[in-house]
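Peer 1: Mind looking over this structure? Questions follow.
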Amino acid sequence: VAKLRGGIDLGGTKIQTVVIDGRNKVRGEARAPTPTSGGPADVAAAMAEALREAAAQAETESAKLQGVGVGAPGDADPRGVVSGASNLPGWEAGFPLAAHLRKELGPPVKVGGDVQVATEAEFRLGAGKPYRSILGVFWGTGVGGGLVLDGRPWIGRGNAGEIGHMVIERGGERCPCGRRGCMEAYAGRGAMEAKARQEHEQGTKTDLFKIMKERGHDRLKSSVWEHAINDGDKLATHLIDRAVKALGAGIASAVNLLDPEAVIVGGGLGTRFGQPYVERIEERMSKHLFVDDRPPAMHLTALGDLGGAIGAALLVAPAAARRAG
Ligand SMILES: [Zn+2]
């Protein structure tokens with residue numbers, strides 16, 4: 001009998017779930033939009049439902065899974081209490097997510113950081129496989145980072161990897177975190193959308209919001225940015241160029257400090273824009289690298305959209321590898 005494990009990636013816009021087997025192959029997957037109203041219990045209910053769907057696809061049921069892992073935003077303590085997930089509805093205070101999901105689903109539940117588990121999935125199964133030390137950079141609504149150093153995940157005291165809040169311009173643009181000059185203030189999709197809206201209201205011409213409405217969205221999703229850039233929209237092009245420069249400066253600074261063998265770029269925008277943008281970021285990095293004749297290898301994530309959920313499932317050790325007692 002295959003040892004099936006469940007994984008849930010809890011994002012600000014969507015919940016992605018997978019069921020993987022003993023060889024870490026995906027046997028079922030499902031996704032659902034993240035509830036935008038209600039509270040943590042409503043989000044947890046949507047997570048449980050999406051996992052049950054993935055389990056059904058893998059021809060099993062959630063109660064029979066060996067365990068379920070969750071990659072969550074915000075802070076997760078060792079007992080799976082999640083707090084400070086500020087882009088989820090009503091989720092500032094601690095909510096016992098692991099206990100809640102265990103009650104709904106049956107098997108034991110482990111919770112890790114969303115970006116860190118996605119980085120570890122790339123390290124073990126994806127673009128990071130050939131290396132001992134990698135930096136994962138997830139370019140999406142925010143800009144998240146994950147680290148594996150000398151073969152081991154590095155989370156510091158629990159909050160390492162916040163590459164989005166590397167300061168690239170003292171006194172610069174206001175970041176969604178409330179501080180100024182962070183890389184995310186220029187490169188995060190949330191910050192870019194706020195900037196585009198402000199410019200648009202002040203009379204700068206752009207088709208970004210028209211494209212958004214035509215496509216039935218209420219925010220500037222990655223596909224909207226891509227469309228606008230392909231149409232030659234000046235504001236969109238300017239803001240994306242600015243994001244690439246910010247990423248180049250921030251990632252190069254992290255590389256100067258840590259000297260990883262490889263940088264793996266993913267996230268909503270990273271995945272959408274793909275390899276050409278990995279190369280553009282690499283080019284912008286080169287001018288900030290202290291040892292510029294030995295840059296790290298640059299890769300796009302290999303697991304793409306499923307990386308977070310697969311990484312979450314990897315939080316559950318496969319039964320065969322478990323020690324007795
Ligand atoms: Zn910030």
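Chain labels run A, B, ... following the order of the structure tokens; each chain numbers its residues from 1, and ligands are numbered from 1 in the order shown.
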May I ask you to write as a PDB file with N, CA and C atoms, in the first residue's frame all residues lying at most 10 Å from ligand 1, with only C-alpha atoms and all ligand atoms counted?
Peer 2:
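Produced file pocket.pdb, reproduced below:
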```
ATOM      1  N   GLY A 142       3.852  39.416  -2.431  1.00  0.00           N
ATOM      2  CA  GLY A 142       5.015  39.947  -1.719  1.00  0.00           C
ATOM      3  C   GLY A 142       6.250  39.318  -2.327  1.00  0.00           C
ATOM      4  N   VAL A 143       7.393  39.496  -1.680  1.00  0.00           N
ATOM      5  CA  VAL A 143       8.591  38.788  -2.130  1.00  0.00           C
ATOM      6  C   VAL A 143       9.123  38.004  -0.932  1.00  0.00           C
ATOM      7  N   GLU A 162      13.450  36.672   5.119  1.00  0.00           N
ATOM      8  CA  GLU A 162      12.570  37.780   4.705  1.00  0.00           C
ATOM      9  C   GLU A 162      13.283  38.703   3.714  1.00  0.00           C
ATOM     10  N   ILE A 163      13.608  38.131   2.573  1.00  0.00           N
ATOM     11  CA  ILE A 163      14.402  38.880   1.587  1.00  0.00           C
ATOM     12  C   ILE A 163      13.632  40.080   1.043  1.00  0.00           C
ATOM     13  N   GLY A 164      12.298  40.001   1.056  1.00  0.00           N
ATOM     14  CA  GLY A 164      11.493  41.115   0.558  1.00  0.00           C
ATOM     15  C   GLY A 164      11.713  42.395   1.347  1.00  0.00           C
ATOM     16  N   HIS A 165      12.196  42.242   2.573  1.00  0.00           N
ATOM     17  CA  HIS A 165      12.369  43.429   3.414  1.00  0.00           C
ATOM     18  C   HIS A 165      13.831  43.811   3.592  1.00  0.00           C
ATOM     19  N   MET A 166      14.672  43.334   2.671  1.00  0.00           N
ATOM     20  CA  MET A 166      16.026  43.878   2.547  1.00  0.00           C
ATOM     21  C   MET A 166      15.840  45.335   2.112  1.00  0.00           C
ATOM     22  N   VAL A 167      16.579  46.227   2.733  1.00  0.00           N
ATOM     23  CA  VAL A 167      16.450  47.641   2.363  1.00  0.00           C
ATOM     24  C   VAL A 167      17.324  47.922   1.146  1.00  0.00           C
ATOM     25  N   GLU A 173      10.380  54.059  -1.121  1.00  0.00           N
ATOM     26  CA  GLU A 173       8.934  53.842  -1.169  1.00  0.00           C
ATOM     27  C   GLU A 173       8.424  53.129   0.087  1.00  0.00           C
ATOM     28  N   ARG A 174       7.178  53.408   0.435  1.00  0.00           N
ATOM     29  CA  ARG A 174       6.542  52.755   1.575  1.00  0.00           C
ATOM     30  C   ARG A 174       6.231  51.313   1.207  1.00  0.00           C
ATOM     31  N   CYS A 175       6.624  50.392   2.082  1.00  0.00           N
ATOM     32  CA  CYS A 175       6.408  48.958   1.867  1.00  0.00           C
ATOM     33  C   CYS A 175       5.081  48.550   2.516  1.00  0.00           C
ATOM     34  N   PRO A 176       4.407  47.513   2.000  1.00  0.00           N
ATOM     35  CA  PRO A 176       3.204  47.024   2.692  1.00  0.00           C
ATOM     36  C   PRO A 176       3.456  46.695   4.169  1.00  0.00           C
ATOM     37  N   CYS A 177       4.708  46.449   4.559  1.00  0.00           N
ATOM     38  CA  CYS A 177       5.018  46.145   5.964  1.00  0.00           C
ATOM     39  C   CYS A 177       5.033  47.409   6.811  1.00  0.00           C
ATOM     40  N   GLY A 178       4.927  48.573   6.177  1.00  0.00           N
ATOM     41  CA  GLY A 178       4.886  49.825   6.920  1.00  0.00           C
ATOM     42  C   GLY A 178       6.222  50.557   6.953  1.00  0.00           C
ATOM     43  N   ARG A 179       7.303  49.859   6.611  1.00  0.00           N
ATOM     44  CA  ARG A 179       8.622  50.501   6.601  1.00  0.00           C
ATOM     45  C   ARG A 179       8.908  51.074   5.223  1.00  0.00           C
ATOM     46  N   ARG A 180      10.062  51.700   5.086  1.00  0.00           N
ATOM     47  CA  ARG A 180      10.385  52.321   3.796  1.00  0.00           C
ATOM     48  C   ARG A 180      11.586  51.663   3.113  1.00  0.00           C
ATOM     49  N   GLY A 181      11.509  51.627   1.789  1.00  0.00           N
ATOM     50  CA  GLY A 181      12.672  51.256   0.993  1.00  0.00           C
ATOM     51  C   GLY A 181      12.958  49.782   0.869  1.00  0.00           C
ATOM     52  N   CYS A 182      12.028  48.920   1.340  1.00  0.00           N
ATOM     53  CA  CYS A 182      12.230  47.472   1.204  1.00  0.00           C
ATOM     54  C   CYS A 182      12.162  47.077  -0.277  1.00  0.00           C
ATOM     55  N   MET A 183      12.811  45.971  -0.606  1.00  0.00           N
ATOM     56  CA  MET A 183      12.737  45.444  -1.971  1.00  0.00           C
ATOM     57  C   MET A 183      11.278  45.216  -2.389  1.00  0.00           C
ATOM     58  N   GLU A 184      10.460  44.694  -1.457  1.00  0.00           N
ATOM     59  CA  GLU A 184       9.063  44.404  -1.769  1.00  0.00           C
ATOM     60  C   GLU A 184       8.258  45.658  -2.122  1.00  0.00           C
ATOM     61  N   ALA A 185       8.685  46.812  -1.615  1.00  0.00           N
ATOM     62  CA  ALA A 185       7.984  48.062  -1.917  1.00  0.00           C
ATOM     63  C   ALA A 185       8.069  48.390  -3.408  1.00  0.00           C
ATOM     64  N   TYR A 186       9.048  47.805  -4.096  1.00  0.00           N
ATOM     65  CA  TYR A 186       9.216  48.026  -5.539  1.00  0.00           C
ATOM     66  C   TYR A 186       8.820  46.806  -6.364  1.00  0.00           C
ATOM     67  N   GLY A 188       7.025  43.756  -5.096  1.00  0.00           N
ATOM     68  CA  GLY A 188       5.854  42.954  -4.745  1.00  0.00           C
ATOM     69  C   GLY A 188       4.656  43.367  -5.594  1.00  0.00           C
TER      70      GLY A 188
END
```
Peer 1: As a PyMOL selection string, please: all residues of range 36-158 of chain A that backbone DSSP puts in alpha helix (DSSP H).
Peer 2: chain A and resi 40-57+97-105+114-125
Peer 1: Report as a PyMOL selection string all protein, DNA and RNA residues lying within 9 Å of range 77-81 of chain A, evaluated on only C-alpha atoms, omitting residues in the same chain fewer than 3 positions from it.
Peer 2: chain A and resi 94-99+109-112+158
Peer 1: Any chance you can output those residues with N, CA and C atoms as a PDB file, in the first residue's frame?
Peer 2:
```
ATOM      1  N   GLY A  94      -3.451  34.384  17.163  1.00  0.00           N
ATOM      2  CA  GLY A  94      -3.135  32.976  16.966  1.00  0.00           C
ATOM      3  C   GLY A  94      -4.380  32.116  16.760  1.00  0.00           C
ATOM      4  N   PHE A  95      -4.306  31.216  15.788  1.00  0.00           N
ATOM      5  CA  PHE A  95      -5.397  30.266  15.540  1.00  0.00           C
ATOM      6  C   PHE A  95      -4.783  28.859  15.482  1.00  0.00           C
ATOM      7  N   PRO A  96      -5.355  27.907  16.245  1.00  0.00           N
ATOM      8  CA  PRO A  96      -4.775  26.548  16.296  1.00  0.00           C
ATOM      9  C   PRO A  96      -5.083  25.761  15.026  1.00  0.00           C
ATOM     10  N   LEU A  97      -4.385  26.096  13.940  1.00  0.00           N
ATOM     11  CA  LEU A  97      -4.690  25.519  12.627  1.00  0.00           C
ATOM     12  C   LEU A  97      -4.480  24.001  12.597  1.00  0.00           C
ATOM     13  N   ALA A  98      -3.354  23.524  13.163  1.00  0.00           N
ATOM     14  CA  ALA A  98      -3.061  22.084  13.103  1.00  0.00           C
ATOM     15  C   ALA A  98      -4.149  21.290  13.836  1.00  0.00           C
ATOM     16  N   ALA A  99      -4.517  21.727  15.023  1.00  0.00           N
ATOM     17  CA  ALA A  99      -5.532  21.014  15.803  1.00  0.00           C
ATOM     18  C   ALA A  99      -6.879  21.029  15.081  1.00  0.00           C
ATOM     19  N   VAL A 109      -1.298  16.705  11.763  1.00  0.00           N
ATOM     20  CA  VAL A 109      -1.045  17.850  10.876  1.00  0.00           C
ATOM     21  C   VAL A 109       0.187  18.606  11.360  1.00  0.00           C
ATOM     22  N   LYS A 110       1.109  18.901  10.423  1.00  0.00           N
ATOM     23  CA  LYS A 110       2.286  19.710  10.743  1.00  0.00           C
ATOM     24  C   LYS A 110       2.243  21.001   9.946  1.00  0.00           C
ATOM     25  N   VAL A 111       2.651  22.107  10.575  1.00  0.00           N
ATOM     26  CA  VAL A 111       2.605  23.401   9.889  1.00  0.00           C
ATOM     27  C   VAL A 111       4.008  23.994   9.784  1.00  0.00           C
ATOM     28  N   GLY A 112       4.360  24.467   8.592  1.00  0.00           N
ATOM     29  CA  GLY A 112       5.630  25.158   8.369  1.00  0.00           C
ATOM     30  C   GLY A 112       5.384  26.467   7.644  1.00  0.00           C
ATOM     31  N   GLY A 158      13.253  31.604  13.621  1.00  0.00           N
ATOM     32  CA  GLY A 158      11.898  31.348  13.140  1.00  0.00           C
ATOM     33  C   GLY A 158      11.507  32.246  11.976  1.00  0.00           C
TER      34      GLY A 158
END
```
Peer 1: For range 193-202 of chain A, find every residue with an atom within 12 Å (counting only C-alpha atoms), except residues of its own chain fewer than 4 positions away, and show them as a ChimeraX atom specification.
Peer 2: /A:140-142,173-176,184-189,206-210,212,218-222,224-225,233-240,242-243
Peer 1: Please produce an output containing C-alpha atoms for each residue in the selection, written as a tab-separated table (two decimals), in the first residue's frame.
Peer 2:
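Writing the result to selection_14.tsv gives the following:
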```tsv
chain	number	residue	atom	x	y	z
A	140	GLY	CA	4.48	37.29	-6.07
A	141	THR	CA	2.08	39.45	-4.07
A	142	GLY	CA	5.02	39.95	-1.72
A	173	GLU	CA	8.93	53.84	-1.17
A	174	ARG	CA	6.54	52.76	1.58
A	175	CYS	CA	6.41	48.96	1.87
A	176	PRO	CA	3.20	47.02	2.69
A	184	GLU	CA	9.06	44.40	-1.77
A	185	ALA	CA	7.98	48.06	-1.92
A	186	TYR	CA	9.22	48.03	-5.54
A	187	ALA	CA	8.87	44.39	-6.58
A	188	GLY	CA	5.85	42.95	-4.74
A	189	ARG	CA	2.70	42.69	-6.84
A	206	THR	CA	-2.29	52.83	-18.66
A	207	ASP	CA	-4.44	49.92	-19.81
A	208	LEU	CA	-3.68	47.83	-16.72
A	209	PHE	CA	-7.05	48.40	-15.06
A	210	LYS	CA	-8.96	48.05	-18.30
A	212	MET	CA	-8.09	43.69	-15.32
A	218	ASP	CA	-10.54	42.65	-9.16
A	219	ARG	CA	-6.78	42.90	-8.79
A	220	LEU	CA	-3.77	43.12	-11.04
A	221	LYS	CA	-2.93	39.43	-11.29
A	222	SER	CA	0.29	38.25	-12.92
A	224	VAL	CA	-2.78	41.14	-16.29
A	225	TRP	CA	0.76	42.46	-15.96
A	233	ASP	CA	1.87	49.53	-21.90
A	234	LYS	CA	4.35	52.16	-20.73
A	235	LEU	CA	3.42	52.31	-17.04
A	236	ALA	CA	3.35	48.51	-16.71
A	237	THR	CA	6.72	48.24	-18.44
A	238	HIS	CA	8.21	50.93	-16.22
A	239	LEU	CA	6.95	49.32	-13.01
A	240	ILE	CA	8.14	45.85	-13.99
A	242	ARG	CA	11.73	48.89	-11.58
A	243	ALA	CA	10.81	45.57	-9.93
```
Peer 1: Which residues are near range 135-137 of chain A? Cut-off 7 Å, only C-alpha atoms, ignore same chain within fewer than 2 positions. Put them as a PDB file with C-alpha atoms, in the first residue's frame.
Peer 2:
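Contents of result.pdb, as written:
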```pdb
ATOM      1  CA  THR A 119      12.295  26.214  -1.030  1.00  0.00           C
ATOM      2  CA  TRP A 139       8.231  36.878  -6.479  1.00  0.00           C
ATOM      3  CA  VAL A 143       8.591  38.788  -2.130  1.00  0.00           C
ATOM      4  CA  GLY A 144       9.445  35.835   0.102  1.00  0.00           C
ATOM      5  CA  GLY A 145      12.729  34.037   0.616  1.00  0.00           C
ATOM      6  CA  GLY A 146      13.761  30.592   1.816  1.00  0.00           C
ATOM      7  CA  LEU A 147      17.172  29.169   2.663  1.00  0.00           C
ATOM      8  CA  VAL A 148      18.868  25.808   2.663  1.00  0.00           C
ATOM      9  CA  PRO A 260      24.795  30.204  -2.047  1.00  0.00           C
ATOM     10  CA  ALA A 262      22.179  28.717  -6.639  1.00  0.00           C
ATOM     11  CA  VAL A 263      19.236  31.095  -6.557  1.00  0.00           C
ATOM     12  CA  ILE A 264      15.845  29.603  -7.436  1.00  0.00           C
ATOM     13  CA  VAL A 265      13.198  32.077  -8.587  1.00  0.00           C
ATOM     14  CA  GLY A 266       9.486  31.283  -8.319  1.00  0.00           C
TER      15      GLY A 266
END
```
Peer 1: Dump as a tab-separated table the rows for residues of range 112-208 of chain A within 10 Å of range 7-14 of chain A: closest atom pair and distance in Å with one decimal, only C-alpha atoms counted, ordered by chain and rising residue number.
Peer 2:
```
residue	atom	partner	partner_atom	distance
A:Gly112	CA	A:Asp9	CA	9.9
A:Gly113	CA	A:Asp9	CA	9.5
A:Asp114	CA	A:Asp9	CA	6.6
A:Val115	CA	A:Asp9	CA	9.5
A:Val117	CA	A:Asp9	CA	9.2
A:Ala118	CA	A:Asp9	CA	8.9
A:Thr141	CA	A:Gly12	CA	8.3
```
Peer 1: Hey, can you check how far CA of His299 in chain A sits from CA of Asp241 in chain A?
Peer 2: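 Rounded to one decimal, the two atoms are 19.4 Å apart.
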Peer 1: At what distance in Å, to one decimal, does CA of Val82 in chain A lie from CA of Lys25 in chain A?
Peer 2: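 For CA of Lys25 in chain A relative to CA of Val82 in chain A, the distance reads 27.9 Å.
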Peer 1: When you draw a straight line from CA of Leu4 in chain A to CA of Gln57 in chain A, how long is it in Å?
Peer 2: 12.1 Å
Peer 1: Report the residues of range 105-288 of chain A whose backbone DSSP state falls under strand (DSSP E or B), written as a PyMOL selection string.
Peer 2: chain A and resi 109-113+134-139+143-149+152-153+167+174+180+182+262-266
Peer 1: Identify which of the residues A:Asp292, A:Glu92, A:Glu283, A:Glu261 lies closest to Ile134 in chain A, counting only C-alpha atoms when measuring atom-to-atom distances.
Peer 2: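 Between A:Asp292, A:Glu92, A:Glu283, A:Glu261, the residue approaching Ile134 in chain A most closely is A:Glu261.
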Peer 1: Looking at A:Leu303, A:Arg5, A:Asp259, A:Leu247, which one is nearest to Glu282 in chain A, with distances taken over only C-alpha atoms?
Peer 2: A:Leu247
Peer 1: Show which residues sit within 12 Å of Pro318 in chain A, as a JSON list (two decimals) with N, CA and C atoms, in the first residue's frame. Count only C-alpha atoms, and ignore same-chain residues fewer than 6 positions away.
Peer 2:
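Resulting contents of part13.json:
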```json
[["chain", "number", "residue", "atom", "x", "y", "z"],
["A", 2, "ALA", "N", 0.58, 2.17, -0.90],
["A", 2, "ALA", "CA", 1.38, 3.40, -0.98],
["A", 2, "ALA", "C", 1.18, 4.25, 0.28],
["A", 3, "LYS", "N", 2.26, 4.87, 0.72],
["A", 3, "LYS", "CA", 2.18, 5.74, 1.89],
["A", 3, "LYS", "C", 1.83, 7.15, 1.40],
["A", 4, "LEU", "N", 0.57, 7.46, 1.47],
["A", 4, "LEU", "CA", 0.14, 8.74, 0.93],
["A", 4, "LEU", "C", 0.16, 9.83, 2.00],
["A", 5, "ARG", "N", 0.64, 11.02, 1.57],
["A", 5, "ARG", "CA", 0.69, 12.17, 2.48],
["A", 5, "ARG", "C", 0.02, 13.36, 1.79],
["A", 6, "GLY", "N", -0.60, 14.19, 2.59],
["A", 6, "GLY", "CA", -1.27, 15.36, 2.04],
["A", 6, "GLY", "C", -0.45, 16.62, 2.26],
["A", 20, "ILE", "N", 0.69, 13.13, -2.18],
["A", 20, "ILE", "CA", 1.87, 12.51, -2.78],
["A", 20, "ILE", "C", 2.08, 11.12, -2.21],
["A", 21, "ASP", "N", 2.76, 10.28, -3.01],
["A", 21, "ASP", "CA", 3.00, 8.91, -2.57],
["A", 21, "ASP", "C", 4.41, 8.78, -1.95],
["A", 22, "GLY", "N", 4.79, 7.56, -1.64],
["A", 22, "GLY", "CA", 6.06, 7.30, -0.98],
["A", 22, "GLY", "C", 7.28, 7.74, -1.78],
["A", 23, "ARG", "N", 7.09, 7.89, -3.10],
["A", 23, "ARG", "CA", 8.20, 8.36, -3.94],
["A", 23, "ARG", "C", 8.08, 9.85, -4.24],
["A", 24, "ASN", "N", 7.22, 10.51, -3.50],
["A", 24, "ASN", "CA", 6.99, 11.96, -3.65],
["A", 24, "ASN", "C", 6.37, 12.34, -4.99],
["A", 65, "LEU", "N", -4.80, 9.17, 5.13],
["A", 65, "LEU", "CA", -3.47, 9.71, 4.84],
["A", 65, "LEU", "C", -2.58, 9.53, 6.06],
["A", 66, "GLN", "N", -1.28, 9.38, 5.79],
["A", 66, "GLN", "CA", -0.34, 9.18, 6.89],
["A", 66, "GLN", "C", -0.18, 10.46, 7.71],
["A", 67, "GLY", "N", -0.31, 11.57, 7.05],
["A", 67, "GLY", "CA", -0.22, 12.86, 7.73],
["A", 67, "GLY", "C", -0.48, 13.96, 6.72],
["A", 68, "VAL", "N", -0.67, 15.17, 7.23],
["A", 68, "VAL", "CA", -0.91, 16.31, 6.35],
["A", 68, "VAL", "C", 0.03, 17.44, 6.77],
["A", 69, "GLY", "N", 0.71, 18.02, 5.79],
["A", 69, "GLY", "CA", 1.57, 19.18, 6.05],
["A", 69, "GLY", "C", 0.92, 20.43, 5.49]]
```
